[in-house]
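A.B. asks: So I've got this file, upload_5.pdb, and it contains PDB, C-alpha atoms, pLDDT in the B column:
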ATOM      1  CA  MET Y   2     -22.384 -24.382 -24.690  1.00 48.00           C
ATOM      2  CA  THR Y   3     -19.215 -25.884 -23.274  1.00 53.00           C
ATOM      3  CA  ARG Y   4     -17.037 -23.945 -20.860  1.00 56.00           C
ATOM      4  CA  GLN Y   5     -13.525 -23.247 -22.101  1.00 55.00           C
ATOM      5  CA  PRO Y   6     -10.597 -24.523 -19.985  1.00 56.00           C
ATOM      6  CA  TYR Y   7      -8.690 -21.984 -17.863  1.00 55.00           C
ATOM      7  CA  TYR Y   8      -5.884 -21.841 -20.404  1.00 55.00           C
ATOM      8  CA  TYR Y   9      -8.247 -20.812 -23.197  1.00 55.00           C
ATOM      9  CA  ILE Y  10      -7.174 -17.536 -24.752  1.00 55.00           C
ATOM     10  CA  PRO Y  11      -9.851 -15.711 -26.702  1.00 53.00           C
ATOM     11  CA  MET Y  12      -9.106 -14.908 -30.307  1.00 56.00           C
ATOM     12  CA  ASP Y  13      -9.941 -11.282 -29.598  1.00 66.00           C
ATOM     13  CA  LYS Y  14      -6.988 -10.164 -27.438  1.00 74.00           C
ATOM     14  CA  SER Y  15      -8.859  -6.987 -26.485  1.00 80.00           C
ATOM     15  CA  GLU Y  16     -11.009  -9.017 -24.083  1.00 86.00           C
ATOM     16  CA  LEU Y  17     -10.142 -11.061 -21.005  1.00 90.00           C
ATOM     17  CA  ASN Y  18     -11.821 -14.322 -20.214  1.00 89.00           C
ATOM     18  CA  GLU Y  19     -13.170 -15.021 -16.726  1.00 91.00           C
ATOM     19  CA  GLU Y  20     -10.057 -16.858 -15.555  1.00 93.00           C
ATOM     20  CA  GLU Y  21      -7.764 -14.072 -16.769  1.00 91.00           C
ATOM     21  CA  ILE Y  22      -9.830 -11.468 -14.944  1.00 93.00           C
ATOM     22  CA  GLN Y  23      -9.812 -13.560 -11.766  1.00 94.00           C
ATOM     23  CA  LEU Y  24      -6.037 -14.037 -12.014  1.00 93.00           C
ATOM     24  CA  TRP Y  25      -5.511 -10.289 -12.472  1.00 92.00           C
ATOM     25  CA  TYR Y  26      -7.633  -9.389  -9.443  1.00 95.00           C
ATOM     26  CA  LEU Y  27      -6.017 -12.123  -7.346  1.00 94.00           C
ATOM     27  CA  TRP Y  28      -2.526 -10.841  -8.241  1.00 91.00           C
ATOM     28  CA  LYS Y  29      -3.446  -7.200  -7.690  1.00 94.00           C
ATOM     29  CA  GLY Y  30      -5.355  -7.896  -4.464  1.00 95.00           C
ATOM     30  CA  SER Y  31      -2.532  -9.966  -3.030  1.00 94.00           C
ATOM     31  CA  PHE Y  32      -0.008  -7.229  -3.714  1.00 93.00           C
ATOM     32  CA  HIS Y  33      -2.224  -4.506  -2.240  1.00 95.00           C
ATOM     33  CA  SER Y  34      -2.962  -6.582   0.837  1.00 96.00           C
ATOM     34  CA  ILE Y  35       0.701  -7.323   1.580  1.00 96.00           C
ATOM     35  CA  PHE Y  36       1.818  -3.792   0.744  1.00 95.00           C
ATOM     36  CA  GLY Y  37      -0.941  -2.309   2.903  1.00 96.00           C
ATOM     37  CA  ARG Y  38       0.059  -4.406   5.919  1.00 96.00           C
ATOM     38  CA  VAL Y  39       3.724  -3.414   5.530  1.00 96.00           C
ATOM     39  CA  ILE Y  40       2.845   0.294   5.267  1.00 96.00           C
ATOM     40  CA  LYS Y  41       0.442   0.074   8.215  1.00 96.00           C
ATOM     41  CA  GLU Y  42       3.084  -1.447  10.491  1.00 96.00           C
ATOM     42  CA  MET Y  43       5.692   1.046   9.338  1.00 96.00           C
ATOM     43  CA  SER Y  44       3.382   4.018   9.874  1.00 95.00           C
ATOM     44  CA  GLU Y  45       2.197   2.835  13.280  1.00 96.00           C
ATOM     45  CA  HIS Y  46       5.738   2.332  14.568  1.00 95.00           C
ATOM     46  CA  SER Y  47       7.592   5.164  12.831  1.00 94.00           C
ATOM     47  CA  GLY Y  48       5.060   7.872  12.037  1.00 94.00           C
ATOM     48  CA  LEU Y  49       6.274   7.909   8.433  1.00 97.00           C
ATOM     49  CA  SER Y  50       3.875   7.628   5.521  1.00 96.00           C
ATOM     50  CA  GLU Y  51       4.564   5.535   2.447  1.00 96.00           C
ATOM     51  CA  GLY Y  52       5.570   8.723   0.608  1.00 97.00           C
ATOM     52  CA  ASP Y  53       7.849   9.884   3.443  1.00 97.00           C
ATOM     53  CA  TYR Y  54       9.652   6.557   3.456  1.00 97.00           C
ATOM     54  CA  GLY Y  55       9.952   6.556  -0.350  1.00 96.00           C
ATOM     55  CA  VAL Y  56      11.481  10.038  -0.383  1.00 97.00           C
ATOM     56  CA  LEU Y  57      13.894   9.381   2.467  1.00 97.00           C
ATOM     57  CA  ASP Y  58      14.906   5.968   1.139  1.00 96.00           C
ATOM     58  CA  ARG Y  59      15.645   7.314  -2.344  1.00 96.00           C
ATOM     59  CA  LEU Y  60      17.566  10.297  -1.007  1.00 97.00           C
ATOM     60  CA  ASN Y  61      19.693   7.939   1.024  1.00 95.00           C
ATOM     61  CA  LEU Y  62      20.183   5.137  -1.517  1.00 94.00           C
ATOM     62  CA  LEU Y  63      20.214   6.969  -4.853  1.00 92.00           C
ATOM     63  CA  GLY Y  64      21.756  10.259  -3.884  1.00 82.00           C
ATOM     64  CA  ASP Y  65      23.798   9.574  -0.771  1.00 89.00           C
ATOM     65  CA  GLY Y  66      21.488  11.959   1.119  1.00 93.00           C
ATOM     66  CA  SER Y  67      20.781  14.470  -1.630  1.00 95.00           C
ATOM     67  CA  LEU Y  68      19.068  14.504  -5.036  1.00 95.00           C
ATOM     68  CA  ARG Y  69      17.781  17.063  -7.464  1.00 93.00           C
ATOM     69  CA  GLN Y  70      14.024  17.400  -7.024  1.00 94.00           C
ATOM     70  CA  GLN Y  71      13.417  16.389 -10.659  1.00 94.00           C
ATOM     71  CA  GLU Y  72      15.486  13.193 -10.255  1.00 94.00           C
ATOM     72  CA  LEU Y  73      13.587  12.378  -7.064  1.00 96.00           C
ATOM     73  CA  ALA Y  74      10.240  12.887  -8.819  1.00 95.00           C
ATOM     74  CA  GLU Y  75      11.300  10.619 -11.688  1.00 95.00           C
ATOM     75  CA  SER Y  76      12.570   7.891  -9.354  1.00 94.00           C
ATOM     76  CA  MET Y  77       9.221   7.876  -7.529  1.00 95.00           C
ATOM     77  CA  ASP Y  78       7.159   8.209 -10.721  1.00 94.00           C
ATOM     78  CA  TRP Y  79       5.457  11.273  -9.183  1.00 96.00           C
ATOM     79  CA  ASP Y  80       4.674  14.509 -10.971  1.00 94.00           C
ATOM     80  CA  LYS Y  81       6.479  17.660  -9.853  1.00 92.00           C
ATOM     81  CA  SER Y  82       3.438  19.131  -8.135  1.00 94.00           C
ATOM     82  CA  ARG Y  83       2.715  16.059  -6.037  1.00 96.00           C
ATOM     83  CA  LEU Y  84       6.340  15.824  -4.929  1.00 96.00           C
ATOM     84  CA  SER Y  85       6.555  19.538  -4.189  1.00 96.00           C
ATOM     85  CA  HIS Y  86       3.497  19.416  -1.913  1.00 97.00           C
ATOM     86  CA  HIS Y  87       4.805  16.331  -0.162  1.00 97.00           C
ATOM     87  CA  LEU Y  88       8.242  17.861   0.355  1.00 97.00           C
ATOM     88  CA  THR Y  89       6.627  20.971   1.870  1.00 97.00           C
ATOM     89  CA  ARG Y  90       4.964  18.767   4.498  1.00 97.00           C
ATOM     90  CA  MET Y  91       8.208  16.890   5.112  1.00 98.00           C
ATOM     91  CA  GLU Y  92      10.156  20.166   5.469  1.00 98.00           C
ATOM     92  CA  LYS Y  93       7.689  21.362   8.117  1.00 98.00           C
ATOM     93  CA  ARG Y  94       8.423  18.163  10.061  1.00 97.00           C
ATOM     94  CA  GLY Y  95      12.187  18.651   9.691  1.00 97.00           C
ATOM     95  CA  LEU Y  96      12.791  15.533   7.584  1.00 98.00           C
ATOM     96  CA  VAL Y  97      14.215  17.239   4.491  1.00 98.00           C
ATOM     97  CA  LEU Y  98      15.569  20.575   3.287  1.00 97.00           C
ATOM     98  CA  ARG Y  99      15.269  22.093  -0.169  1.00 96.00           C
ATOM     99  CA  LYS Y 100      18.015  24.279  -1.522  1.00 94.00           C
ATOM    100  CA  SER Y 101      17.840  26.273  -4.755  1.00 92.00           C
ATOM    101  CA  LEU Y 102      20.643  25.620  -7.190  1.00 87.00           C
ATOM    102  CA  ASP Y 103      22.028  28.885  -8.532  1.00 78.00           C
ATOM    103  CA  LYS Y 104      23.320  27.559 -11.824  1.00 75.00           C
ATOM    104  CA  ASP Y 105      20.294  26.012 -13.482  1.00 74.00           C
ATOM    105  CA  ARG Y 106      17.197  26.899 -11.474  1.00 78.00           C
ATOM    106  CA  GLY Y 107      16.986  23.381 -10.085  1.00 88.00           C
ATOM    107  CA  VAL Y 108      16.237  22.419  -6.505  1.00 94.00           C
ATOM    108  CA  GLN Y 109      18.323  20.065  -4.392  1.00 95.00           C
ATOM    109  CA  VAL Y 110      16.480  17.951  -1.804  1.00 97.00           C
ATOM    110  CA  ILE Y 111      18.603  17.026   1.208  1.00 97.00           C
ATOM    111  CA  ILE Y 112      17.813  14.572   3.970  1.00 98.00           C
ATOM    112  CA  THR Y 113      18.231  16.099   7.439  1.00 97.00           C
ATOM    113  CA  SER Y 114      19.660  14.318  10.462  1.00 97.00           C
ATOM    114  CA  ALA Y 115      16.059  13.926  11.730  1.00 97.00           C
ATOM    115  CA  GLY Y 116      15.071  12.431   8.362  1.00 97.00           C
ATOM    116  CA  LYS Y 117      18.028  10.045   8.402  1.00 97.00           C
ATOM    117  CA  SER Y 118      17.198   9.020  11.968  1.00 97.00           C
ATOM    118  CA  ALA Y 119      13.528   8.430  11.051  1.00 97.00           C
ATOM    119  CA  LEU Y 120      14.613   6.322   8.053  1.00 97.00           C
ATOM    120  CA  ASP Y 121      17.064   4.316  10.154  1.00 97.00           C
ATOM    121  CA  ASP Y 122      14.329   3.667  12.728  1.00 96.00           C
ATOM    122  CA  ALA Y 123      11.813   2.638  10.046  1.00 97.00           C
ATOM    123  CA  ARG Y 124      14.025   0.279   8.037  1.00 97.00           C
ATOM    124  CA  PRO Y 125      14.033  -2.641  10.504  1.00 97.00           C
ATOM    125  CA  ILE Y 126      10.258  -2.298  10.917  1.00 97.00           C
ATOM    126  CA  VAL Y 127       9.779  -2.426   7.147  1.00 96.00           C
ATOM    127  CA  ALA Y 128      12.158  -5.390   6.826  1.00 97.00           C
ATOM    128  CA  LYS Y 129      10.376  -7.293   9.594  1.00 97.00           C
ATOM    129  CA  ALA Y 130       6.954  -6.582   8.057  1.00 97.00           C
ATOM    130  CA  ILE Y 131       8.077  -7.635   4.561  1.00 97.00           C
ATOM    131  CA  ARG Y 132       9.485 -10.821   6.013  1.00 97.00           C
ATOM    132  CA  LYS Y 133       6.345 -11.548   8.074  1.00 96.00           C
ATOM    133  CA  HIS Y 134       3.722 -10.716   5.455  1.00 96.00           C
ATOM    134  CA  PHE Y 135       5.538 -11.865   2.329  1.00 96.00           C
ATOM    135  CA  LEU Y 136       8.871 -13.686   2.459  1.00 96.00           C
ATOM    136  CA  ASP Y 137       8.008 -16.093   5.285  1.00 96.00           C
ATOM    137  CA  GLN Y 138       4.989 -17.243   3.252  1.00 94.00           C
ATOM    138  CA  LEU Y 139       7.148 -18.386   0.341  1.00 96.00           C
ATOM    139  CA  THR Y 140       9.004 -21.569  -0.458  1.00 96.00           C
ATOM    140  CA  ASP Y 141      12.331 -21.537  -2.300  1.00 95.00           C
ATOM    141  CA  GLN Y 142      10.435 -22.557  -5.445  1.00 97.00           C
ATOM    142  CA  ASP Y 143       7.972 -19.675  -4.960  1.00 95.00           C
ATOM    143  CA  ILE Y 144      10.864 -17.236  -4.763  1.00 95.00           C
ATOM    144  CA  LYS Y 145      12.397 -18.598  -7.978  1.00 95.00           C
ATOM    145  CA  SER Y 146       9.037 -18.438  -9.760  1.00 94.00           C
ATOM    146  CA  ILE Y 147       8.217 -14.906  -8.575  1.00 93.00           C
ATOM    147  CA  THR Y 148      11.701 -13.711  -9.531  1.00 94.00           C
ATOM    148  CA  LYS Y 149      11.406 -15.223 -12.994  1.00 93.00           C
ATOM    149  CA  LEU Y 150       7.907 -13.798 -13.481  1.00 91.00           C
ATOM    150  CA  ALA Y 151       8.920 -10.326 -12.275  1.00 90.00           C
ATOM    151  CA  GLU Y 152      11.944 -10.236 -14.574  1.00 92.00           C
ATOM    152  CA  ARG Y 153       9.926 -11.421 -17.572  1.00 91.00           C
ATOM    153  CA  THR Y 154       7.015  -9.029 -17.036  1.00 86.00           C
ATOM    154  CA  LYS Y 155       9.354  -6.097 -16.340  1.00 81.00           C
ATOM    155  CA  LYS Y 156      11.196  -6.767 -19.597  1.00 79.00           C
ATOM    156  CA  GLY Y 157       7.905  -7.140 -21.459  1.00 70.00           C
ATOM    157  CA  SER Y 158       6.457  -3.892 -20.117  1.00 65.00           C
ATOM    158  CA  THR Y 159       9.723  -2.022 -20.738  1.00 59.00           C
ATOM    159  CA  ALA Y 160       9.877  -3.275 -24.299  1.00 51.00           C
ATOM    160  CA  SER Y 161       6.265  -2.328 -25.011  1.00 46.00           C
ATOM    161  CA  SER Y 162       6.613   1.100 -23.370  1.00 45.00           C
ATOM    162  CA  ASN Y 163       9.658   1.831 -25.517  1.00 44.00           C
ATOM    163  CA  ALA Y 164       7.879   0.802 -28.702  1.00 37.00           C
ATOM    164  CA  PRO Y 165       7.004   3.604 -31.105  1.00 37.00           C
ATOM    165  CA  ALA Y 166       3.462   4.898 -30.919  1.00 33.00           C
ATOM    166  CA  PRO Y 167       1.149   3.558 -33.663  1.00 30.00           C
TER
END
Can you present the structure in this file as structure tokens?

C.D. replies:
Amino acid sequence: MTRQPYYYIPMDKSELNEEEIQLWYLWKGSFHSIFGRVIKEMSEHSGLSEGDYGVLDRLNLLGDGSLRQQELAESMDWDKSRLSHHLTRMEKRGLVLRKSLDKDRGVQVIITSAGKSALDDARPIVAKAIRKHFLDQLTDQDIKSITKLAERTKKGSTASSNAPAP
């Protein structure tokens, strides 16, 4: 039996060939490795978790310091329960406040001055870690290729997720 070249695509699209599986795990492992190193450096230097940083960053960037809890959950792709538990821990540490909205039973999440200060302290650490563990490893051509790939796969996954269910 002859071995198929790496570009061989099986007729049955429900299966991956060996090269496709290896590519998937290489891609996924690379991302997790880089992401893990960035989060580790951020946590060690700032005391913030990945979730803390995500909440504070979104409050600051998307809501100018304040967002409805539902909008925050959607922006993080977290369910309401997970976010609620996380916000309770962050409130205890003085990073955020939650305020009930009288009109429509919603909850507003507000970054505190301590939360803003923690975010401001963490941002340069995150930037330095991203640069060290990712950007400094890339050539200009790598950046163009990754950008093109990310745009194409994002469009492809958005289009397929918006397709009607069979």

A.B. asks: Find the residues of stretch 46-68 of chain Y that sit at most 7 Å from stretch 103-122 of chain Y; for each, write down the nearest two atoms and how far apart they are in Å, to one decimal. Count all atoms listed in the file. Sort by chain, then by number going up, and give it as CSV.

C.D. replies:
residue,atom,partner,partner_atom,distance
Y:Ser47,CA,Y:Asp122,CA,6.9
Y:Tyr54,CA,Y:Leu120,CA,6.8
Y:Leu57,CA,Y:Leu120,CA,6.4
Y:Asp58,CA,Y:Leu120,CA,6.9
Y:Leu60,CA,Y:Ile112,CA,6.6
Y:Gly66,CA,Y:Ile112,CA,5.3
Y:Ser67,CA,Y:Ile111,CA,4.4
Y:Leu68,CA,Y:Val110,CA,5.4

A.B. asks: Write out, as CSV, each residue of stretch 74-156 of chain Y that has an atom at most 12 Å from stretch 14-32 of chain Y, together with the closest pair of atoms and their distance in Å to one decimal, counting all atoms listed in the file, rows going by chain and rising number.

C.D. replies:
residue,atom,partner,partner_atom,distance
Y:Ile131,CA,Y:Phe32,CA,11.6
Y:His134,CA,Y:Phe32,CA,10.5
Y:Phe135,CA,Y:Phe32,CA,9.4
Y:Ile147,CA,Y:Trp28,CA,11.5

A.B. asks: Would you compute the distance between atom CA of Y:Glu92 and atom CA of Y:Gly55? Give it in Å to one decimal.

C.D. replies: 14.8 Å

A.B. asks: Point out the residue among Y:Ser44, Y:Leu84, Y:Ala128, Y:Gly37 with the least atom-to-atom distance to Y:Val56, counting all atoms listed in the file.

C.D. replies: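 Of Y:Ser44, Y:Leu84, Y:Ala128, Y:Gly37, the one nearest Y:Val56, counting all atoms listed in the file, is Y:Leu84.
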
A.B. asks: With the file shown as input, list the residues that the PyMOL selection byres ((chain Y and resi 74) around 12) selects, as a list in words.

C.D. replies: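 What the PyMOL selection byres ((chain Y and resi 74) around 12) grabs from the file is Gly52, Gly55, Val56, Arg59, Leu60, Leu68, Arg69, Gln70, Gln71, Glu72, Leu73, Glu75, Ser76, Met77, Asp78, Trp79, Asp80, Lys81, Ser82, Arg83, Leu84, Ser85, His86, His87, Leu88, Val108, Gln109 and Val110 of chain Y.
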
A.B. asks: Distance atom CA of Y:Ile40-atom CA of Y:Ala130, one decimal place?

C.D. replies: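 Going from atom CA of Y:Ile40 over to atom CA of Y:Ala130, I get 8.5 Å.
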
A.B. asks: Quick one, how far is atom CA of Y:Asp53 from atom CA of Y:Arg132?

C.D. replies: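 Separation between atom CA of Y:Asp53 and atom CA of Y:Arg132: 20.9 Å.
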
A.B. asks: Which residues, protein or nucleic acid, reach to within 12 Å of (-0.3, -2.0, 8.9) in the file's coordinates when using all atoms listed in the file, and can you give that as a PyMOL selection string?

C.D. replies: chain Y and resi 33-51+126-127+129-131+133-134
